[in-house]
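These notes are about the structure you will find just below.
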Amino acid sequence: MLGSPWWTASEASLVARLQAVPFIEFLEAVNQHAKAHSLRSGGHQPLHFVPQRELPIEQNYEAWIFQTGSVPTRDLAHDRLNAMMWLLYPQTKAALNRLQADEISRRGVQAARGSARDAATLWDENLLILVCFDHADHLAALLKAHDWTELFLTYRHRWAGVWHPRIFGHALAEKLMRPYKSISAHCRLLDCASLAPDAIDTGLAALVSDRLCTENFYPMPVMGLPGWHIENSQPVFYEDCYVFRPPTL
């Protein structure tokens with residue numbers, strides 16, 4: 001693999017710094033950032049990260065974050081990456097938290113959570129954002145058609161120019177710590193032709209609504225993305241139909 005091409009330089013620096021420190025120092029660092037930037041939960045409570053043991057027994061995780069601003073956090077890569085996503089995308093994380101809490105308030109905590117909560121969980125855990133500065137409709141058509149060779153080879157030049165993948169899902173980020181060919185993300189397009197480059201979080205948060213459903217996502221075999229795998233510049237790489245599946249499979 002080629003280092004960590006899935007992170008921007010600033011993201012890679014943040015990941016390295018937050019993963020390297022002891023847990024107490026990690027909590028201090030993310031809480032200092034949250035306070036300095038006035039981060040809030042979906043319920044507009046000041047955000048702070050606390051050890052998992054502070055979550056009351058039988059209290060729902062999302063509802064507690066919404067009500068108190070406290071994010072239960074374990075000393076695991078998964079939870080550290082979740083905290084990092086709160087720092088990078090605070091508006092979107094708060095919008096997802098608000099959606100989850102609203103659905104819980106409306107429906108209760110049930111085994112069948114409903115399509116909106118299922119979609120919000122997939123978004124939170126496994127989302128890859130495709131930030132599009134041009135040709136968004138063409139990108140959507142290629143993804144819908146599962147036309148992987150066109151997407152990753154014929155139009156390869158666009159990935160260095162107007163199509164930019166950005167990790168949002170913290171479970172996806174965790175899988176990329178030990179990458180393998182068959183990693184698949186749930187993908188959403190964000191048309192940024194009319195957005196400033198620093199407005200990605202605002203634009204993404206605007207896509208969160210109670211109409212979310214799992215059909216909102218495109219499947220994305222992420223190792224096909226240019227630079228994400230050392231072999232993916234060759235057509236034979238995409239002949240693996242287990243990973244690069246046609247629409248009928």
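Here, A, B, ... name the chains of the structure tokens in the order displayed, residue numbers run from 1 inside each chain, and ligands are numbered from 1 in the same displayed order.
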
| message | Please list as a list of chain:residue names every residue within 8 Å of range 127-140 of chain A, counting only C-alpha atoms and excluding residues in the same chain fewer than 5 positions away. | response | A:Leu122, A:Leu151, A:Val162, A:Trp163, A:His164, A:Pro165, A:Arg166, A:Ile167, A:Phe168, A:Gly169, A:Leu172, A:Ala185, A:His186, A:Cys187, A:Arg188, A:Leu189, A:Leu190, A:Asp191, A:Cys192, A:Ala193, A:Ile200

Please dump the current selection as a PDB file, in the first residue's frame; keep C-alpha atoms.
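Done, and the output landed in again12.pdb:
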ATOM      1  CA  LEU A 122     -24.115   3.491   8.127  1.00  0.00           C
ATOM      2  CA  LEU A 151     -14.587   5.462 -13.059  1.00  0.00           C
ATOM      3  CA  VAL A 162     -12.322  17.757  -9.386  1.00  0.00           C
ATOM      4  CA  TRP A 163     -13.319  14.575  -7.488  1.00  0.00           C
ATOM      5  CA  HIS A 164     -11.964  14.315  -3.943  1.00  0.00           C
ATOM      6  CA  PRO A 165     -12.677  11.351  -1.624  1.00  0.00           C
ATOM      7  CA  ARG A 166     -12.858  12.215   2.071  1.00  0.00           C
ATOM      8  CA  ILE A 167     -13.290   9.756   4.931  1.00  0.00           C
ATOM      9  CA  PHE A 168     -16.140  10.377   7.345  1.00  0.00           C
ATOM     10  CA  GLY A 169     -16.985   6.952   8.772  1.00  0.00           C
ATOM     11  CA  LEU A 172     -14.034   2.847   7.653  1.00  0.00           C
ATOM     12  CA  ALA A 185     -17.610   2.116   1.779  1.00  0.00           C
ATOM     13  CA  HIS A 186     -21.068   3.622   1.679  1.00  0.00           C
ATOM     14  CA  CYS A 187     -20.646   6.637  -0.542  1.00  0.00           C
ATOM     15  CA  ARG A 188     -22.442   9.990  -0.784  1.00  0.00           C
ATOM     16  CA  LEU A 189     -21.741  12.706  -3.337  1.00  0.00           C
ATOM     17  CA  LEU A 190     -21.393  16.302  -2.218  1.00  0.00           C
ATOM     18  CA  ASP A 191     -21.651  18.739  -5.112  1.00  0.00           C
ATOM     19  CA  CYS A 192     -19.341  21.566  -4.098  1.00  0.00           C
ATOM     20  CA  ALA A 193     -19.419  23.510  -7.346  1.00  0.00           C
ATOM     21  CA  ILE A 200     -17.736  20.767   3.226  1.00  0.00           C
TER      22      ILE A 200
END

*asked:* Quick one: residues within 9 Å of Thr92 in chain A, only C-alpha atoms, excluding same-chain residues fewer than 6 positions away - as JSON, numbers by chain?
replied: {"A": [86, 201, 202, 203, 204, 205, 206, 207, 208]}

List as a PDB file with C-alpha atoms, in the first residue's frame the protein and nucleic acid residues near range 93-104 of chain A, meaning an atom at most 10 Å away when only C-alpha atoms are counted, but skip any in the same chain fewer than 5 places from it.
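Generated file (out-v2.pdb):
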ATOM      1  CA  LEU A  39     -18.583  22.238  19.561  1.00  0.00           C
ATOM      2  CA  ARG A  40     -22.100  21.082  20.423  1.00  0.00           C
ATOM      3  CA  SER A  41     -24.100  17.885  20.446  1.00  0.00           C
ATOM      4  CA  GLY A  42     -27.266  17.497  18.401  1.00  0.00           C
ATOM      5  CA  GLY A  43     -29.111  18.842  21.454  1.00  0.00           C
ATOM      6  CA  HIS A  44     -26.884  21.951  21.528  1.00  0.00           C
ATOM      7  CA  LEU A  47     -19.471  18.658  23.612  1.00  0.00           C
ATOM      8  CA  ASN A  60     -28.953   4.939  25.041  1.00  0.00           C
ATOM      9  CA  TYR A  61     -25.614   6.163  23.662  1.00  0.00           C
ATOM     10  CA  GLU A  62     -26.997   8.650  21.095  1.00  0.00           C
ATOM     11  CA  ALA A  63     -29.723   9.987  23.402  1.00  0.00           C
ATOM     12  CA  TRP A  64     -27.174  10.613  26.149  1.00  0.00           C
ATOM     13  CA  ILE A  65     -24.875  12.542  23.807  1.00  0.00           C
ATOM     14  CA  PHE A  66     -27.866  14.591  22.642  1.00  0.00           C
ATOM     15  CA  GLN A  67     -29.014  15.377  26.185  1.00  0.00           C
ATOM     16  CA  GLY A  69     -23.042  16.581  25.276  1.00  0.00           C
ATOM     17  CA  ASN A  82     -14.894   8.784  16.176  1.00  0.00           C
ATOM     18  CA  ALA A  83     -13.696  11.695  18.309  1.00  0.00           C
ATOM     19  CA  MET A  85     -14.515  12.945  13.143  1.00  0.00           C
ATOM     20  CA  TRP A  86     -16.339  15.127  15.665  1.00  0.00           C
ATOM     21  CA  LEU A  87     -13.425  17.562  15.405  1.00  0.00           C
ATOM     22  CA  LEU A  88     -13.343  17.478  11.599  1.00  0.00           C
ATOM     23  CA  VAL A 109     -35.391   2.055  21.453  1.00  0.00           C
ATOM     24  CA  GLN A 110     -36.520  -0.946  19.437  1.00  0.00           C
ATOM     25  CA  ARG A 113     -34.672   0.899  14.403  1.00  0.00           C
ATOM     26  CA  GLY A 114     -36.222   2.144  11.184  1.00  0.00           C
ATOM     27  CA  ALA A 116     -33.535   6.644   8.997  1.00  0.00           C
ATOM     28  CA  ARG A 117     -31.564   5.360  12.005  1.00  0.00           C
ATOM     29  CA  ASP A 118     -30.113   2.485   9.975  1.00  0.00           C
ATOM     30  CA  ALA A 119     -28.944   4.941   7.311  1.00  0.00           C
ATOM     31  CA  ALA A 120     -27.576   7.359   9.932  1.00  0.00           C
ATOM     32  CA  THR A 121     -25.563   4.527  11.499  1.00  0.00           C
ATOM     33  CA  TRP A 123     -23.260   7.137   7.462  1.00  0.00           C
ATOM     34  CA  ASP A 124     -21.579   7.542  10.836  1.00  0.00           C
ATOM     35  CA  PHE A 168     -16.140  10.377   7.345  1.00  0.00           C
ATOM     36  CA  ASP A 201     -19.052  20.169   6.746  1.00  0.00           C
ATOM     37  CA  LEU A 204     -22.715  17.594   4.248  1.00  0.00           C
ATOM     38  CA  ALA A 205     -24.783  18.426   7.341  1.00  0.00           C
ATOM     39  CA  ALA A 206     -27.491  19.820   5.063  1.00  0.00           C
ATOM     40  CA  LEU A 207     -27.934  16.346   3.531  1.00  0.00           C
ATOM     41  CA  VAL A 208     -28.909  14.824   6.896  1.00  0.00           C
ATOM     42  CA  SER A 209     -32.688  14.499   7.303  1.00  0.00           C
ATOM     43  CA  ASP A 210     -35.288  12.069   8.596  1.00  0.00           C
ATOM     44  CA  ARG A 211     -35.753  10.959   4.984  1.00  0.00           C
ATOM     45  CA  LEU A 212     -32.399   9.185   5.049  1.00  0.00           C
TER      46      LEU A 212
END

- Excluding Ala29 in chain A and any residue of its chain fewer than 5 positions from it, enumerate the residues within 9 Å of it, using only C-alpha atoms, and give them as JSON, numbers by chain. {"A": [18, 24, 34]}

Using C-alpha atoms, can you write the selected residues to a file as a PDB file, in the first residue's frame?
ATOM      1  CA  LEU A  18      -4.271  11.608  18.572  1.00  0.00           C
ATOM      2  CA  ILE A  24      -5.859  10.707  29.425  1.00  0.00           C
ATOM      3  CA  ALA A  34     -14.097  21.025  21.490  1.00  0.00           C
TER       4      ALA A  34
END

Pairwise distance, CA of Tyr238 in chain A with CA of Trp148 in chain A, equals 7.0 Å

**Asked** Mind checking DSSP for range 126-217 of chain A and telling me the alpha helix (DSSP H) residues as an MDAnalysis selection string?
**Response** chainID A and resid 126 136:145 148:149 170:175 200:205

Among range 25-216 of chain A, which ones does DSSP place in strand (DSSP E or B), written as an MDAnalysis selection string?
-> chainID A and resid 40 46 48:51 70:73 127:132 163:167 184:191

Margin query: Restricting the calculation to only C-alpha atoms: of A:Arg74, A:Arg106, A:Lys35, A:Lys144, which residue gets closest to Asn216 in chain A?
Written below: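 Ranked by minimum distance to Asn216 in chain A, first place goes to A:Lys144.
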
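Straight-line separation from CA of Leu27 in chain A to CA of Lys175 in chain A: 22.4 Å.
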
- Item | Long-range neighbours of Asp79 in chain A as a PyMOL selection string, 12 Å cut-off, only C-alpha atoms, 3 positions minimum in chain | chain A and resi 18-19+23+26-27+30+49-52+71-76+82-86+125+169-171+173-174

For the residues selected in the previous step, produce a file with N, CA and C atoms as a PDB file, in the first residue's frame.
ATOM      1  N   LEU A  18      -3.248  12.064  17.636  1.00  0.00           N
ATOM      2  CA  LEU A  18      -4.271  11.608  18.572  1.00  0.00           C
ATOM      3  C   LEU A  18      -4.188  10.116  18.870  1.00  0.00           C
ATOM      4  N   GLN A  19      -3.605   9.348  17.960  1.00  0.00           N
ATOM      5  CA  GLN A  19      -3.462   7.919  18.225  1.00  0.00           C
ATOM      6  C   GLN A  19      -2.248   7.615  19.093  1.00  0.00           C
ATOM      7  N   PHE A  23      -4.275   7.729  26.813  1.00  0.00           N
ATOM      8  CA  PHE A  23      -5.705   8.013  26.747  1.00  0.00           C
ATOM      9  C   PHE A  23      -6.091   9.292  27.491  1.00  0.00           C
ATOM     10  N   PHE A  26      -5.157  12.107  25.416  1.00  0.00           N
ATOM     11  CA  PHE A  26      -6.057  12.159  24.270  1.00  0.00           C
ATOM     12  C   PHE A  26      -7.352  12.883  24.629  1.00  0.00           C
ATOM     13  N   LEU A  27      -7.963  12.500  25.748  1.00  0.00           N
ATOM     14  CA  LEU A  27      -9.197  13.157  26.175  1.00  0.00           C
ATOM     15  C   LEU A  27      -8.968  14.649  26.419  1.00  0.00           C
ATOM     16  N   VAL A  30      -8.735  16.411  22.849  1.00  0.00           N
ATOM     17  CA  VAL A  30      -9.979  16.574  22.092  1.00  0.00           C
ATOM     18  C   VAL A  30     -10.959  17.482  22.837  1.00  0.00           C
ATOM     19  N   PHE A  49     -15.719  14.732  25.691  1.00  0.00           N
ATOM     20  CA  PHE A  49     -15.491  13.295  25.565  1.00  0.00           C
ATOM     21  C   PHE A  49     -15.131  12.735  26.933  1.00  0.00           C
ATOM     22  N   VAL A  50     -15.823  11.666  27.308  1.00  0.00           N
ATOM     23  CA  VAL A  50     -15.678  11.105  28.648  1.00  0.00           C
ATOM     24  C   VAL A  50     -15.421   9.606  28.540  1.00  0.00           C
ATOM     25  N   PRO A  51     -14.803   8.995  29.560  1.00  0.00           N
ATOM     26  CA  PRO A  51     -14.618   7.545  29.542  1.00  0.00           C
ATOM     27  C   PRO A  51     -15.956   6.814  29.429  1.00  0.00           C
ATOM     28  N   GLN A  52     -15.953   5.699  28.749  1.00  0.00           N
ATOM     29  CA  GLN A  52     -17.163   4.924  28.502  1.00  0.00           C
ATOM     30  C   GLN A  52     -17.927   4.594  29.791  1.00  0.00           C
ATOM     31  N   VAL A  71     -19.712  12.418  25.164  1.00  0.00           N
ATOM     32  CA  VAL A  71     -19.502  11.348  24.186  1.00  0.00           C
ATOM     33  C   VAL A  71     -18.722  10.221  24.863  1.00  0.00           C
ATOM     34  N   PRO A  72     -19.361   9.089  25.184  1.00  0.00           N
ATOM     35  CA  PRO A  72     -18.647   7.972  25.817  1.00  0.00           C
ATOM     36  C   PRO A  72     -17.554   7.454  24.895  1.00  0.00           C
ATOM     37  N   THR A  73     -16.363   7.316  25.435  1.00  0.00           N
ATOM     38  CA  THR A  73     -15.190   7.011  24.622  1.00  0.00           C
ATOM     39  C   THR A  73     -14.329   5.964  25.305  1.00  0.00           C
ATOM     40  N   ARG A  74     -13.970   4.929  24.527  1.00  0.00           N
ATOM     41  CA  ARG A  74     -13.071   3.885  25.030  1.00  0.00           C
ATOM     42  C   ARG A  74     -11.666   4.136  24.493  1.00  0.00           C
ATOM     43  N   ASP A  75     -10.693   3.531  25.148  1.00  0.00           N
ATOM     44  CA  ASP A  75      -9.319   3.663  24.682  1.00  0.00           C
ATOM     45  C   ASP A  75      -9.071   2.651  23.567  1.00  0.00           C
ATOM     46  N   LEU A  76      -9.760   2.880  22.458  1.00  0.00           N
ATOM     47  CA  LEU A  76      -9.673   2.035  21.267  1.00  0.00           C
ATOM     48  C   LEU A  76      -9.521   2.931  20.045  1.00  0.00           C
ATOM     49  N   ASN A  82     -13.590   8.140  16.067  1.00  0.00           N
ATOM     50  CA  ASN A  82     -14.894   8.784  16.176  1.00  0.00           C
ATOM     51  C   ASN A  82     -14.745  10.206  16.731  1.00  0.00           C
ATOM     52  N   ALA A  83     -13.933  10.363  17.750  1.00  0.00           N
ATOM     53  CA  ALA A  83     -13.696  11.695  18.309  1.00  0.00           C
ATOM     54  C   ALA A  83     -13.069  12.617  17.264  1.00  0.00           C
ATOM     55  N   MET A  84     -12.151  12.070  16.491  1.00  0.00           N
ATOM     56  CA  MET A  84     -11.506  12.875  15.466  1.00  0.00           C
ATOM     57  C   MET A  84     -12.522  13.371  14.443  1.00  0.00           C
ATOM     58  N   MET A  85     -13.493  12.519  14.103  1.00  0.00           N
ATOM     59  CA  MET A  85     -14.515  12.945  13.143  1.00  0.00           C
ATOM     60  C   MET A  85     -15.405  14.043  13.721  1.00  0.00           C
ATOM     61  N   TRP A  86     -15.623  14.014  15.023  1.00  0.00           N
ATOM     62  CA  TRP A  86     -16.339  15.127  15.665  1.00  0.00           C
ATOM     63  C   TRP A  86     -15.555  16.438  15.490  1.00  0.00           C
ATOM     64  N   GLU A 125     -20.638   5.331  10.521  1.00  0.00           N
ATOM     65  CA  GLU A 125     -19.601   4.307  10.629  1.00  0.00           C
ATOM     66  C   GLU A 125     -18.783   4.135   9.352  1.00  0.00           C
ATOM     67  N   GLY A 169     -16.666   8.060   7.882  1.00  0.00           N
ATOM     68  CA  GLY A 169     -16.985   6.952   8.772  1.00  0.00           C
ATOM     69  C   GLY A 169     -15.788   6.499   9.589  1.00  0.00           C
ATOM     70  N   HIS A 170     -15.938   6.470  10.924  1.00  0.00           N
ATOM     71  CA  HIS A 170     -14.786   6.106  11.753  1.00  0.00           C
ATOM     72  C   HIS A 170     -14.487   4.608  11.704  1.00  0.00           C
ATOM     73  N   ALA A 171     -15.491   3.759  11.430  1.00  0.00           N
ATOM     74  CA  ALA A 171     -15.209   2.334  11.235  1.00  0.00           C
ATOM     75  C   ALA A 171     -14.447   2.121   9.934  1.00  0.00           C
ATOM     76  N   ALA A 173     -12.397   4.331   8.641  1.00  0.00           N
ATOM     77  CA  ALA A 173     -11.043   4.795   8.969  1.00  0.00           C
ATOM     78  C   ALA A 173     -10.269   3.720   9.721  1.00  0.00           C
ATOM     79  N   GLU A 174     -10.963   3.017  10.611  1.00  0.00           N
ATOM     80  CA  GLU A 174     -10.293   1.958  11.370  1.00  0.00           C
ATOM     81  C   GLU A 174      -9.867   0.816  10.452  1.00  0.00           C
TER      82      GLU A 174
END

So that I can see what lies close to Ile183 in chain A, please list as a ChimeraX atom specification the residues with an atom at most 10 Å from it, counting only C-alpha atoms and leaving out residues fewer than 2 positions away in the same chain. /A:172,175-176,179-181,185,220-224,243

Across A:Ala36, A:His78, A:Pro226, A:Glu28, the smallest distance to Asn126 in chain A, with only C-alpha atoms counted, is shown by A:His78
